[in-house]
file data11.cif (mmCIF, C-alpha atoms, pLDDT in the B column; chains and numbers go by the auth columns)
data_target
#
loop_
_atom_site.group_PDB
_atom_site.id
_atom_site.type_symbol
_atom_site.label_atom_id
_atom_site.label_comp_id
_atom_site.label_asym_id
_atom_site.label_seq_id
_atom_site.Cartn_x
_atom_site.Cartn_y
_atom_site.Cartn_z
_atom_site.B_iso_or_equiv
_atom_site.auth_seq_id
_atom_site.auth_asym_id
ATOM 1 C CA MET A 1 102.186 98.902 80.669 57.00 1 S
ATOM 2 C CA LYS A 2 99.195 97.252 79.072 87.00 2 S
ATOM 3 C CA SER A 3 99.799 93.750 77.689 96.00 3 S
ATOM 4 C CA LEU A 4 98.909 92.906 74.104 98.00 4 S
ATOM 5 C CA PHE A 5 98.797 89.592 72.243 98.00 5 S
ATOM 6 C CA ILE A 6 99.496 89.933 68.499 98.00 6 S
ATOM 7 C CA SER A 7 99.610 87.052 66.028 98.00 7 S
ATOM 8 C CA PHE A 8 100.747 86.928 62.421 98.00 8 S
ATOM 9 C CA GLU A 9 99.150 84.551 59.944 97.00 9 S
ATOM 10 C CA GLY A 10 99.254 83.672 56.280 94.00 10 S
ATOM 11 C CA ALA A 11 100.188 81.073 53.709 89.00 11 S
ATOM 12 C CA ASP A 12 103.762 79.904 53.352 85.00 12 S
ATOM 13 C CA ALA A 13 106.019 82.616 51.820 85.00 13 S
ATOM 14 C CA CYS A 14 103.696 85.506 52.703 92.00 14 S
ATOM 15 C CA GLY A 15 106.444 87.313 54.642 92.00 15 S
ATOM 16 C CA LYS A 16 105.284 86.788 58.225 94.00 16 S
ATOM 17 C CA SER A 17 108.668 86.236 59.826 92.00 17 S
ATOM 18 C CA THR A 18 110.108 89.394 58.282 95.00 18 S
ATOM 19 C CA GLN A 19 107.203 91.529 59.481 98.00 19 S
ATOM 20 C CA VAL A 20 107.317 90.012 62.974 98.00 20 S
ATOM 21 C CA GLN A 21 110.916 91.157 63.329 98.00 21 S
ATOM 22 C CA LEU A 22 110.244 94.607 61.883 98.00 22 S
ATOM 23 C CA LEU A 23 107.311 95.228 64.204 98.00 23 S
ATOM 24 C CA ALA A 24 109.327 94.096 67.198 98.00 24 S
ATOM 25 C CA GLU A 25 112.129 96.495 66.279 98.00 25 S
ATOM 26 C CA THR A 26 109.679 99.401 66.009 97.00 26 S
ATOM 27 C CA LEU A 27 108.043 98.629 69.338 97.00 27 S
ATOM 28 C CA ARG A 28 111.392 98.277 71.084 97.00 28 S
ATOM 29 C CA THR A 29 112.501 101.706 69.864 96.00 29 S
ATOM 30 C CA GLN A 30 109.451 103.044 71.698 94.00 30 S
ATOM 31 C CA GLY A 31 110.503 101.352 74.909 95.00 31 S
ATOM 32 C CA ARG A 32 107.905 98.584 74.771 96.00 32 S
ATOM 33 C CA GLU A 33 108.736 95.340 76.536 97.00 33 S
ATOM 34 C CA LEU A 34 107.923 92.357 74.345 98.00 34 S
ATOM 35 C CA ILE A 35 108.689 88.805 73.403 98.00 35 S
ATOM 36 C CA ILE A 36 108.716 87.162 69.985 98.00 36 S
ATOM 37 C CA THR A 37 107.659 83.555 69.767 98.00 37 S
ATOM 38 C CA ARG A 38 106.362 81.077 67.202 97.00 38 S
ATOM 39 C CA GLU A 39 104.126 78.085 66.643 97.00 39 S
ATOM 40 C CA PRO A 40 104.600 75.285 66.780 97.00 40 S
ATOM 41 C CA GLY A 41 107.367 76.003 69.239 97.00 41 S
ATOM 42 C CA GLY A 42 108.293 78.409 71.985 97.00 42 S
ATOM 43 C CA THR A 43 109.146 75.820 74.659 98.00 43 S
ATOM 44 C CA LYS A 44 111.436 72.782 74.759 97.00 44 S
ATOM 45 C CA VAL A 45 108.480 70.409 74.504 98.00 45 S
ATOM 46 C CA ALA A 46 106.774 72.400 71.752 98.00 46 S
ATOM 47 C CA GLU A 47 110.003 72.640 69.728 97.00 47 S
ATOM 48 C CA LYS A 48 110.388 68.854 69.843 98.00 48 S
ATOM 49 C CA ILE A 49 106.779 68.511 68.643 98.00 49 S
ATOM 50 C CA ARG A 50 107.613 70.985 65.864 95.00 50 S
ATOM 51 C CA ASP A 51 110.420 68.719 64.711 95.00 51 S
ATOM 52 C CA ILE A 52 107.931 65.858 64.398 96.00 52 S
ATOM 53 C CA LEU A 53 105.292 67.930 62.616 95.00 53 S
ATOM 54 C CA LEU A 54 107.686 69.300 60.010 92.00 54 S
ATOM 55 C CA ASP A 55 109.660 66.098 59.424 92.00 55 S
ATOM 56 C CA LYS A 56 109.241 65.393 55.699 90.00 56 S
ATOM 57 C CA GLU A 57 110.030 61.716 56.266 91.00 57 S
ATOM 58 C CA LEU A 58 106.883 61.233 58.364 92.00 58 S
ATOM 59 C CA GLN A 59 103.271 60.659 57.392 93.00 59 S
ATOM 60 C CA ILE A 60 100.827 61.979 59.985 95.00 60 S
ATOM 61 C CA SER A 61 97.046 61.620 59.977 97.00 61 S
ATOM 62 C CA ALA A 62 94.928 64.775 60.013 96.00 62 S
ATOM 63 C CA ARG A 63 93.659 64.099 63.548 97.00 63 S
ATOM 64 C CA GLY A 64 97.119 63.202 64.816 97.00 64 S
ATOM 65 C CA GLU A 65 98.503 66.358 63.264 97.00 65 S
ATOM 66 C CA LEU A 66 95.828 68.491 64.931 98.00 66 S
ATOM 67 C CA LEU A 67 96.433 66.991 68.358 98.00 67 S
ATOM 68 C CA LEU A 68 100.191 67.469 68.062 98.00 68 S
ATOM 69 C CA TYR A 69 99.711 71.147 67.225 98.00 69 S
ATOM 70 C CA LEU A 70 97.355 71.579 70.166 98.00 70 S
ATOM 71 C CA ALA A 71 99.689 69.790 72.570 98.00 71 S
ATOM 72 C CA ALA A 72 102.476 72.161 71.530 98.00 72 S
ATOM 73 C CA ARG A 73 100.140 75.142 71.926 98.00 73 S
ATOM 74 C CA ALA A 74 99.003 74.086 75.392 98.00 74 S
ATOM 75 C CA GLU A 75 102.624 74.073 76.587 98.00 75 S
ATOM 76 C CA HIS A 76 103.366 77.327 74.778 98.00 76 S
ATOM 77 C CA VAL A 77 100.432 79.172 76.316 98.00 77 S
ATOM 78 C CA GLN A 78 101.018 77.846 79.813 98.00 78 S
ATOM 79 C CA GLN A 79 104.780 78.384 79.944 98.00 79 S
ATOM 80 C CA VAL A 80 105.407 81.406 77.720 98.00 80 S
ATOM 81 C CA ILE A 81 102.451 83.418 76.472 98.00 81 S
ATOM 82 C CA LYS A 82 100.301 83.717 79.590 98.00 82 S
ATOM 83 C CA PRO A 83 103.210 84.604 81.920 98.00 83 S
ATOM 84 C CA ALA A 84 104.378 87.287 79.489 98.00 84 S
ATOM 85 C CA LEU A 85 100.904 88.818 79.223 98.00 85 S
ATOM 86 C CA GLN A 86 100.472 88.709 82.986 97.00 86 S
ATOM 87 C CA ALA A 87 103.756 90.618 83.280 97.00 87 S
ATOM 88 C CA GLY A 88 102.355 93.361 81.049 97.00 88 S
ATOM 89 C CA LYS A 89 104.428 92.495 77.982 98.00 89 S
ATOM 90 C CA ILE A 90 103.509 92.520 74.311 98.00 90 S
ATOM 91 C CA VAL A 91 103.569 89.048 72.794 98.00 91 S
ATOM 92 C CA ILE A 92 104.162 88.741 69.041 98.00 92 S
ATOM 93 C CA CYS A 93 103.524 85.216 67.816 98.00 93 S
ATOM 94 C CA ASP A 94 104.358 83.837 64.358 98.00 94 S
ATOM 95 C CA ARG A 95 101.196 81.701 63.853 97.00 95 S
ATOM 96 C CA PHE A 96 98.608 80.725 66.450 98.00 96 S
ATOM 97 C CA LEU A 97 94.988 79.528 66.438 97.00 97 S
ATOM 98 C CA ASP A 98 94.100 80.678 62.930 98.00 98 S
ATOM 99 C CA SER A 99 96.717 78.503 61.257 97.00 99 S
ATOM 100 C CA THR A 100 95.170 75.480 62.961 97.00 100 S
ATOM 101 C CA LEU A 101 91.684 76.505 61.893 98.00 101 S
ATOM 102 C CA VAL A 102 92.845 76.909 58.293 97.00 102 S
ATOM 103 C CA TYR A 103 95.303 74.033 57.875 96.00 103 S
ATOM 104 C CA GLN A 104 93.536 71.369 59.924 97.00 104 S
ATOM 105 C CA GLY A 105 89.971 72.676 60.174 97.00 105 S
ATOM 106 C CA LEU A 106 89.499 73.733 56.550 97.00 106 S
ATOM 107 C CA ALA A 107 92.297 72.370 54.345 95.00 107 S
ATOM 108 C CA ARG A 108 92.378 68.969 56.116 96.00 108 S
ATOM 109 C CA GLY A 109 88.587 68.963 56.429 96.00 109 S
ATOM 110 C CA LEU A 110 88.289 68.412 60.178 97.00 110 S
ATOM 111 C CA GLY A 111 85.844 71.296 60.581 97.00 111 S
ATOM 112 C CA LEU A 112 86.038 74.636 62.369 97.00 112 S
ATOM 113 C CA THR A 113 83.650 73.729 65.198 96.00 113 S
ATOM 114 C CA GLU A 114 85.648 70.737 66.411 96.00 114 S
ATOM 115 C CA VAL A 115 89.000 72.489 66.052 97.00 115 S
ATOM 116 C CA LEU A 116 87.728 75.527 67.966 97.00 116 S
ATOM 117 C CA ARG A 117 86.416 73.330 70.771 97.00 117 S
ATOM 118 C CA LEU A 118 89.691 71.477 71.178 98.00 118 S
ATOM 119 C CA ASN A 119 91.756 74.645 70.859 97.00 119 S
ATOM 120 C CA ASP A 120 89.730 76.340 73.588 97.00 120 S
ATOM 121 C CA PHE A 121 90.634 73.479 75.916 97.00 121 S
ATOM 122 C CA ALA A 122 94.326 73.643 74.970 97.00 122 S
ATOM 123 C CA THR A 123 94.635 77.413 75.399 97.00 123 S
ATOM 124 C CA GLN A 124 92.214 77.907 78.309 94.00 124 S
ATOM 125 C CA GLY A 125 90.282 80.271 76.033 96.00 125 S
ATOM 126 C CA LEU A 126 93.198 82.552 75.143 97.00 126 S
ATOM 127 C CA LEU A 127 92.950 84.481 71.859 97.00 127 S
ATOM 128 C CA PRO A 128 95.095 87.207 70.284 98.00 128 S
ATOM 129 C CA GLN A 129 93.648 90.699 70.530 98.00 129 S
ATOM 130 C CA VAL A 130 94.715 91.376 66.960 98.00 130 S
ATOM 131 C CA THR A 131 95.817 89.100 64.129 98.00 131 S
ATOM 132 C CA PHE A 132 97.547 90.321 60.992 98.00 132 S
ATOM 133 C CA TRP A 133 96.778 88.162 57.981 98.00 133 S
ATOM 134 C CA LEU A 134 99.393 88.754 55.296 97.00 134 S
ATOM 135 C CA ALA A 135 97.442 88.077 52.115 94.00 135 S
ATOM 136 C CA ALA A 136 98.913 87.598 48.655 91.00 136 S
ATOM 137 C CA SER A 137 97.792 86.042 45.386 88.00 137 S
ATOM 138 C CA ARG A 138 98.642 82.479 44.442 85.00 138 S
ATOM 139 C CA GLU A 139 101.038 83.802 41.787 88.00 139 S
ATOM 140 C CA VAL A 140 102.936 86.006 44.229 89.00 140 S
ATOM 141 C CA LEU A 141 103.208 83.234 46.802 83.00 141 S
ATOM 142 C CA GLU A 142 104.421 80.712 44.236 82.00 142 S
ATOM 143 C CA THR A 143 107.063 83.112 42.920 87.00 143 S
ATOM 144 C CA ARG A 144 108.376 83.620 46.444 85.00 144 S
ATOM 145 C CA ARG A 145 108.393 79.891 47.130 79.00 145 S
ATOM 146 C CA LEU A 146 110.471 79.308 44.003 80.00 146 S
ATOM 147 C CA GLN A 147 112.893 82.025 45.047 80.00 147 S
ATOM 148 C CA ARG A 148 113.359 80.272 48.382 76.00 148 S
ATOM 149 C CA GLY A 149 114.439 77.066 46.642 70.00 149 S
ATOM 150 C CA VAL A 150 113.767 73.435 47.544 57.00 150 S
ATOM 151 C CA PRO A 151 110.969 72.873 50.108 62.00 151 S
ATOM 152 C CA GLN A 152 112.456 72.110 53.501 72.00 152 S
ATOM 153 C CA ASP A 153 109.619 70.573 55.510 75.00 153 S
ATOM 154 C CA ARG A 154 106.571 68.331 55.333 80.00 154 S
ATOM 155 C CA LEU A 155 104.014 71.111 54.873 78.00 155 S
ATOM 156 C CA GLU A 156 106.046 72.890 52.204 76.00 156 S
ATOM 157 C CA LEU A 157 105.944 69.631 50.216 73.00 157 S
ATOM 158 C CA GLU A 158 102.137 69.534 50.164 79.00 158 S
ATOM 159 C CA GLN A 159 100.339 69.546 46.816 83.00 159 S
ATOM 160 C CA GLU A 160 99.436 72.856 45.173 84.00 160 S
ATOM 161 C CA SER A 161 95.750 72.043 45.693 91.00 161 S
ATOM 162 C CA PHE A 162 96.338 71.952 49.468 90.00 162 S
ATOM 163 C CA LYS A 163 98.239 75.246 49.399 88.00 163 S
ATOM 164 C CA GLU A 164 95.373 76.867 47.515 90.00 164 S
ATOM 165 C CA LEU A 165 92.901 75.605 50.125 94.00 165 S
ATOM 166 C CA VAL A 166 95.100 77.234 52.765 93.00 166 S
ATOM 167 C CA ARG A 167 95.156 80.557 50.930 91.00 167 S
ATOM 168 C CA GLN A 168 91.381 80.479 50.484 94.00 168 S
ATOM 169 C CA GLY A 169 90.935 79.355 54.078 96.00 169 S
ATOM 170 C CA PHE A 170 92.544 82.474 55.489 96.00 170 S
ATOM 171 C CA ALA A 171 90.212 84.602 53.368 96.00 171 S
ATOM 172 C CA GLN A 172 87.221 82.661 54.711 96.00 172 S
ATOM 173 C CA LEU A 173 88.423 83.052 58.283 96.00 173 S
ATOM 174 C CA GLN A 174 88.901 86.803 57.931 96.00 174 S
ATOM 175 C CA GLU A 175 85.286 87.107 56.840 96.00 175 S
ATOM 176 C CA LEU A 176 84.218 85.223 59.973 96.00 176 S
ATOM 177 C CA TYR A 177 86.336 87.309 62.373 97.00 177 S
ATOM 178 C CA PRO A 178 86.805 90.746 60.740 96.00 178 S
ATOM 179 C CA ALA A 179 87.128 92.600 64.059 96.00 179 S
ATOM 180 C CA ARG A 180 90.178 90.573 65.117 97.00 180 S
ATOM 181 C CA ILE A 181 91.794 89.533 61.826 98.00 181 S
ATOM 182 C CA LYS A 182 93.226 92.469 59.881 98.00 182 S
ATOM 183 C CA LYS A 183 93.942 91.810 56.208 98.00 183 S
ATOM 184 C CA ILE A 184 97.250 93.239 55.014 98.00 184 S
ATOM 185 C CA ASP A 185 98.237 93.266 51.328 96.00 185 S
ATOM 186 C CA ALA A 186 101.483 91.299 51.457 96.00 186 S
ATOM 187 C CA SER A 187 102.160 91.634 47.733 93.00 187 S
ATOM 188 C CA GLN A 188 103.510 95.145 48.355 94.00 188 S
ATOM 189 C CA GLU A 189 107.111 96.101 49.094 95.00 189 S
ATOM 190 C CA ILE A 190 108.302 95.121 52.578 96.00 190 S
ATOM 191 C CA SER A 191 108.290 98.744 53.776 97.00 191 S
ATOM 192 C CA ALA A 192 104.706 99.259 52.575 97.00 192 S
ATOM 193 C CA VAL A 193 103.534 96.116 54.372 97.00 193 S
ATOM 194 C CA GLN A 194 105.331 97.281 57.507 98.00 194 S
ATOM 195 C CA ALA A 195 103.629 100.685 57.323 98.00 195 S
ATOM 196 C CA ALA A 196 100.192 99.128 56.855 98.00 196 S
ATOM 197 C CA ILE A 197 100.663 96.914 59.895 98.00 197 S
ATOM 198 C CA TRP A 198 101.851 99.825 62.032 98.00 198 S
ATOM 199 C CA HIS A 199 98.890 101.958 60.972 97.00 199 S
ATOM 200 C CA SER A 200 96.426 99.177 61.790 97.00 200 S
ATOM 201 C CA LEU A 201 98.033 98.582 65.182 97.00 201 S
ATOM 202 C CA GLN A 202 97.525 102.129 66.425 95.00 202 S
ATOM 203 C CA GLU A 203 94.078 101.480 67.857 91.00 203 S
ATOM 204 C CA TYR A 204 95.571 98.803 70.131 92.00 204 S
ATOM 205 C CA ILE A 205 98.639 100.596 71.440 86.00 205 S
#

call {"tool": "encode", "arguments": {"input": "data11.cif", "output": "C-alpha cells"}}
result
Amino acid sequence: MKSLFISFEGADACGKSTQVQLLAETLRTQGRELIITREPGGTKVAEKIRDILLDKELQISARGELLLYLAARAEHVQQVIKPALQAGKIVICDRFLDSTLVYQGLARGLGLTEVLRLNDFATQGLLPQVTFWLAASREVLETRRLQRGVPQDRLELEQESFKELVRQGFAQLQELYPARIKKIDASQEISAVQAAIWHSLQEYI
C-alpha cells in the first residue's frame, strides 16, 4: 500500500481535531492502515516539550519557542512519522510545518526563510504530500472559542491581534504553496467540511 503524509492546519477553533478523527474513520473503513499523531507531540520527548510550550505560566521568547517546536518535530519525524511512512502507512498529523511558518515565521516575525531552513534540518526535508487548511472568518473562530470556554494554554491566551495575524498567515501561506495546501471552508457544517476534505483527497488515494 502506498504511504501518504497528510497534515491538518488552521487557527485555533477551526475544527482540525474533529476532521482528523473523521478522516481516519473513513480511511479505516476502507481497510487503510494509518496512524494519527499531533504536533507538538507524538513521542515521549515531544509531549514533554509540548507541556512546556503550552504552559500558560511560562514566558518564552520567539526564538526559544521556535527551537522548542523544532526539537519536538525532529523527534517526532525520526521516531514516528518516517517509520510509519516507510511501512506504507498513511500518517495524519494535527499540525506540522505550516503552523511553525505561520505562528513563528509570520505572527512572531522571525521570517519564513529562516524558519524553513531550520525546519528542513529538523525534519531531514520531510513535507506532507497534502495539507488541509481549515479556513474560517475571524467572527466564526471567535464564536467557537467562546463556546469552548476559558482558554486553557499559553497560545490560546494570546492577544486578538496575534490570532488575526495567524489567520491571515495561513491565507498567505496557501497562496505560496497552492499545490500542497488545500483550502477548506471550515465555517460549514461538520459533515460538509468532511465531504470537502474527502473529495479533495481523491487525487492522492

call {"tool": "closest_residue", "arguments": {"input": "data11.cif", "among": "S:Gln129, S:Ser99, S:Leu110, S:Ile205", "to": "Asp12 of chain S", "atoms": "only C-alpha atoms"}}
result
S:Ser99

call {"tool": "residues_around", "arguments": {"input": "data11.cif", "residues": "segment 61-74 of chain S", "least_positions_apart": "4", "cutoff": "6 Å", "atoms": "all atoms listed in the file", "output": "PDB file with C-alpha atoms, in the coordinates of the input"}}
result
ATOM      1  CA  ALA S  46     106.774  72.400  71.752  1.00 98.00           C
ATOM      2  CA  ALA S 122      94.326  73.643  74.970  1.00 97.00           C
ATOM      3  CA  THR S 123      94.635  77.413  75.399  1.00 97.00           C
TER       4      THR S 123
END

call {"tool": "residues_around", "arguments": {"input": "data11.cif", "residues": "Ser187 of chain S", "least_positions_apart": "3", "cutoff": "12 Å", "atoms": "only C-alpha atoms", "output": "list in words"}}
result
Ala13, Cys14, Gly15, Lys16, Leu134, Ala135, Ala136, Ser137, Arg138, Glu139, Val140, Leu141, Glu142, Thr143, Arg144, Lys183, Ile184, Ile190, Ser191, Ala192, Val193, Gln194 and Ala196 of chain S

call {"tool": "write_last_selection", "arguments": {"input": "data11.cif", "atoms": "C-alpha atoms", "output": "short mmCIF file (atom, residue, chain, number, x, y, z; two decimals), in the frame of the given file"}}
result
data_model
loop_
_atom_site.label_atom_id
_atom_site.label_comp_id
_atom_site.auth_asym_id
_atom_site.auth_seq_id
_atom_site.Cartn_x
_atom_site.Cartn_y
_atom_site.Cartn_z
CA ALA S 13 106.02 82.62 51.82
CA CYS S 14 103.70 85.51 52.70
CA GLY S 15 106.44 87.31 54.64
CA LYS S 16 105.28 86.79 58.22
CA LEU S 134 99.39 88.75 55.30
CA ALA S 135 97.44 88.08 52.12
CA ALA S 136 98.91 87.60 48.66
CA SER S 137 97.79 86.04 45.39
CA ARG S 138 98.64 82.48 44.44
CA GLU S 139 101.04 83.80 41.79
CA VAL S 140 102.94 86.01 44.23
CA LEU S 141 103.21 83.23 46.80
CA GLU S 142 104.42 80.71 44.24
CA THR S 143 107.06 83.11 42.92
CA ARG S 144 108.38 83.62 46.44
CA LYS S 183 93.94 91.81 56.21
CA ILE S 184 97.25 93.24 55.01
CA ILE S 190 108.30 95.12 52.58
CA SER S 191 108.29 98.74 53.78
CA ALA S 192 104.71 99.26 52.58
CA VAL S 193 103.53 96.12 54.37
CA GLN S 194 105.33 97.28 57.51
CA ALA S 196 100.19 99.13 56.86
#

call {"tool": "closest_residue", "arguments": {"input": "data11.cif", "among": "S:Gln188, S:Gln59, S:Gln152, S:Thr131", "to": "Asp98 of chain S", "atoms": "all atoms listed in the file"}}
result
S:Thr131

call {"tool": "closest_residue", "arguments": {"input": "data11.cif", "among": "S:Ala11, S:Glu75, S:Leu126, S:Leu22", "to": "Lys48 of chain S", "atoms": "all atoms listed in the file"}}
result
S:Glu75

call {"tool": "residues_around", "arguments": {"input": "data11.cif", "residues": "Asp94 of chain S", "least_positions_apart": "2", "cutoff": "6 Å", "atoms": "only C-alpha atoms", "output": "PyMOL selection string"}}
result
chain S and resi 7-8+38

call {"tool": "atom_distance", "arguments": {"input": "data11.cif", "atom1": "atom CA of Ile92 of chain S", "atom2": "atom CA of Leu34 of chain S"}}
result
7.4 Å

call {"tool": "resolve_selection", "arguments": {"input": "data11.cif", "expression": "the PyMOL selection byres ((chain S and resi 173-182) around 12)", "output": "PyMOL selection string"}}
result
chain S and resi 5-10+97-103+105-106+112+127-135+165-172+183-186+196-201+203-204

call {"tool": "residues_around", "arguments": {"input": "data11.cif", "residues": "Gly125 of chain S", "least_positions_apart": "6", "cutoff": "10 Å", "atoms": "all atoms listed in the file", "output": "ChimeraX atom specification"}}
result
/S:116-117,119

call {"tool": "write_last_selection", "arguments": {"input": "data11.cif", "atoms": "C-alpha atoms", "output": "PDB file, keeping the file's coordinate frame"}}
result
ATOM      1  CA  LEU S 116      87.728  75.527  67.966  1.00 97.00           C
ATOM      2  CA  ARG S 117      86.416  73.330  70.771  1.00 97.00           C
ATOM      3  CA  ASN S 119      91.756  74.645  70.859  1.00 97.00           C
TER       4      ASN S 119
END

call {"tool": "build_atoms", "arguments": {"input": "data11.cif", "residues": "segment 72-86 of chain S", "atoms": "N, CA and C atoms", "output": "PDB file, in the frame of the given file"}}
result
ATOM      1  N   ALA S  72     101.415  71.147  71.538  1.00 98.00           N
ATOM      2  CA  ALA S  72     102.476  72.161  71.530  1.00 98.00           C
ATOM      3  C   ALA S  72     101.933  73.504  71.999  1.00 98.00           C
ATOM      4  N   ARG S  73     100.735  73.855  71.550  1.00 98.00           N
ATOM      5  CA  ARG S  73     100.140  75.142  71.926  1.00 98.00           C
ATOM      6  C   ARG S  73      99.812  75.200  73.416  1.00 98.00           C
ATOM      7  N   ALA S  74      99.333  74.108  73.970  1.00 98.00           N
ATOM      8  CA  ALA S  74      99.003  74.086  75.392  1.00 98.00           C
ATOM      9  C   ALA S  74     100.241  74.399  76.230  1.00 98.00           C
ATOM     10  N   GLU S  75     101.381  73.798  75.876  1.00 98.00           N
ATOM     11  CA  GLU S  75     102.624  74.073  76.587  1.00 98.00           C
ATOM     12  C   GLU S  75     103.079  75.511  76.371  1.00 98.00           C
ATOM     13  N   HIS S  76     102.948  75.975  75.156  1.00 98.00           N
ATOM     14  CA  HIS S  76     103.366  77.327  74.778  1.00 98.00           C
ATOM     15  C   HIS S  76     102.585  78.385  75.561  1.00 98.00           C
ATOM     16  N   VAL S  77     101.288  78.219  75.604  1.00 98.00           N
ATOM     17  CA  VAL S  77     100.432  79.172  76.316  1.00 98.00           C
ATOM     18  C   VAL S  77     100.747  79.160  77.810  1.00 98.00           C
ATOM     19  N   GLN S  78     100.825  77.972  78.377  1.00 98.00           N
ATOM     20  CA  GLN S  78     101.018  77.846  79.813  1.00 98.00           C
ATOM     21  C   GLN S  78     102.381  78.373  80.271  1.00 98.00           C
ATOM     22  N   GLN S  79     103.423  78.079  79.501  1.00 98.00           N
ATOM     23  CA  GLN S  79     104.780  78.384  79.944  1.00 98.00           C
ATOM     24  C   GLN S  79     105.319  79.729  79.459  1.00 98.00           C
ATOM     25  N   VAL S  80     104.815  80.213  78.320  1.00 98.00           N
ATOM     26  CA  VAL S  80     105.407  81.406  77.720  1.00 98.00           C
ATOM     27  C   VAL S  80     104.420  82.558  77.563  1.00 98.00           C
ATOM     28  N   ILE S  81     103.321  82.307  76.858  1.00 98.00           N
ATOM     29  CA  ILE S  81     102.451  83.418  76.472  1.00 98.00           C
ATOM     30  C   ILE S  81     101.713  84.016  77.664  1.00 98.00           C
ATOM     31  N   LYS S  82     101.047  83.184  78.449  1.00 98.00           N
ATOM     32  CA  LYS S  82     100.301  83.717  79.590  1.00 98.00           C
ATOM     33  C   LYS S  82     101.197  84.434  80.602  1.00 98.00           C
ATOM     34  N   PRO S  83     102.341  83.873  80.988  1.00 98.00           N
ATOM     35  CA  PRO S  83     103.210  84.604  81.920  1.00 98.00           C
ATOM     36  C   PRO S  83     103.666  85.955  81.377  1.00 98.00           C
ATOM     37  N   ALA S  84     103.951  86.014  80.072  1.00 98.00           N
ATOM     38  CA  ALA S  84     104.378  87.287  79.489  1.00 98.00           C
ATOM     39  C   ALA S  84     103.257  88.316  79.523  1.00 98.00           C
ATOM     40  N   LEU S  85     102.051  87.902  79.195  1.00 98.00           N
ATOM     41  CA  LEU S  85     100.904  88.818  79.223  1.00 98.00           C
ATOM     42  C   LEU S  85     100.606  89.265  80.650  1.00 98.00           C
ATOM     43  N   GLN S  86     100.715  88.363  81.591  1.00 97.00           N
ATOM     44  CA  GLN S  86     100.472  88.709  82.986  1.00 97.00           C
ATOM     45  C   GLN S  86     101.510  89.695  83.512  1.00 97.00           C
TER      46      GLN S  86
END
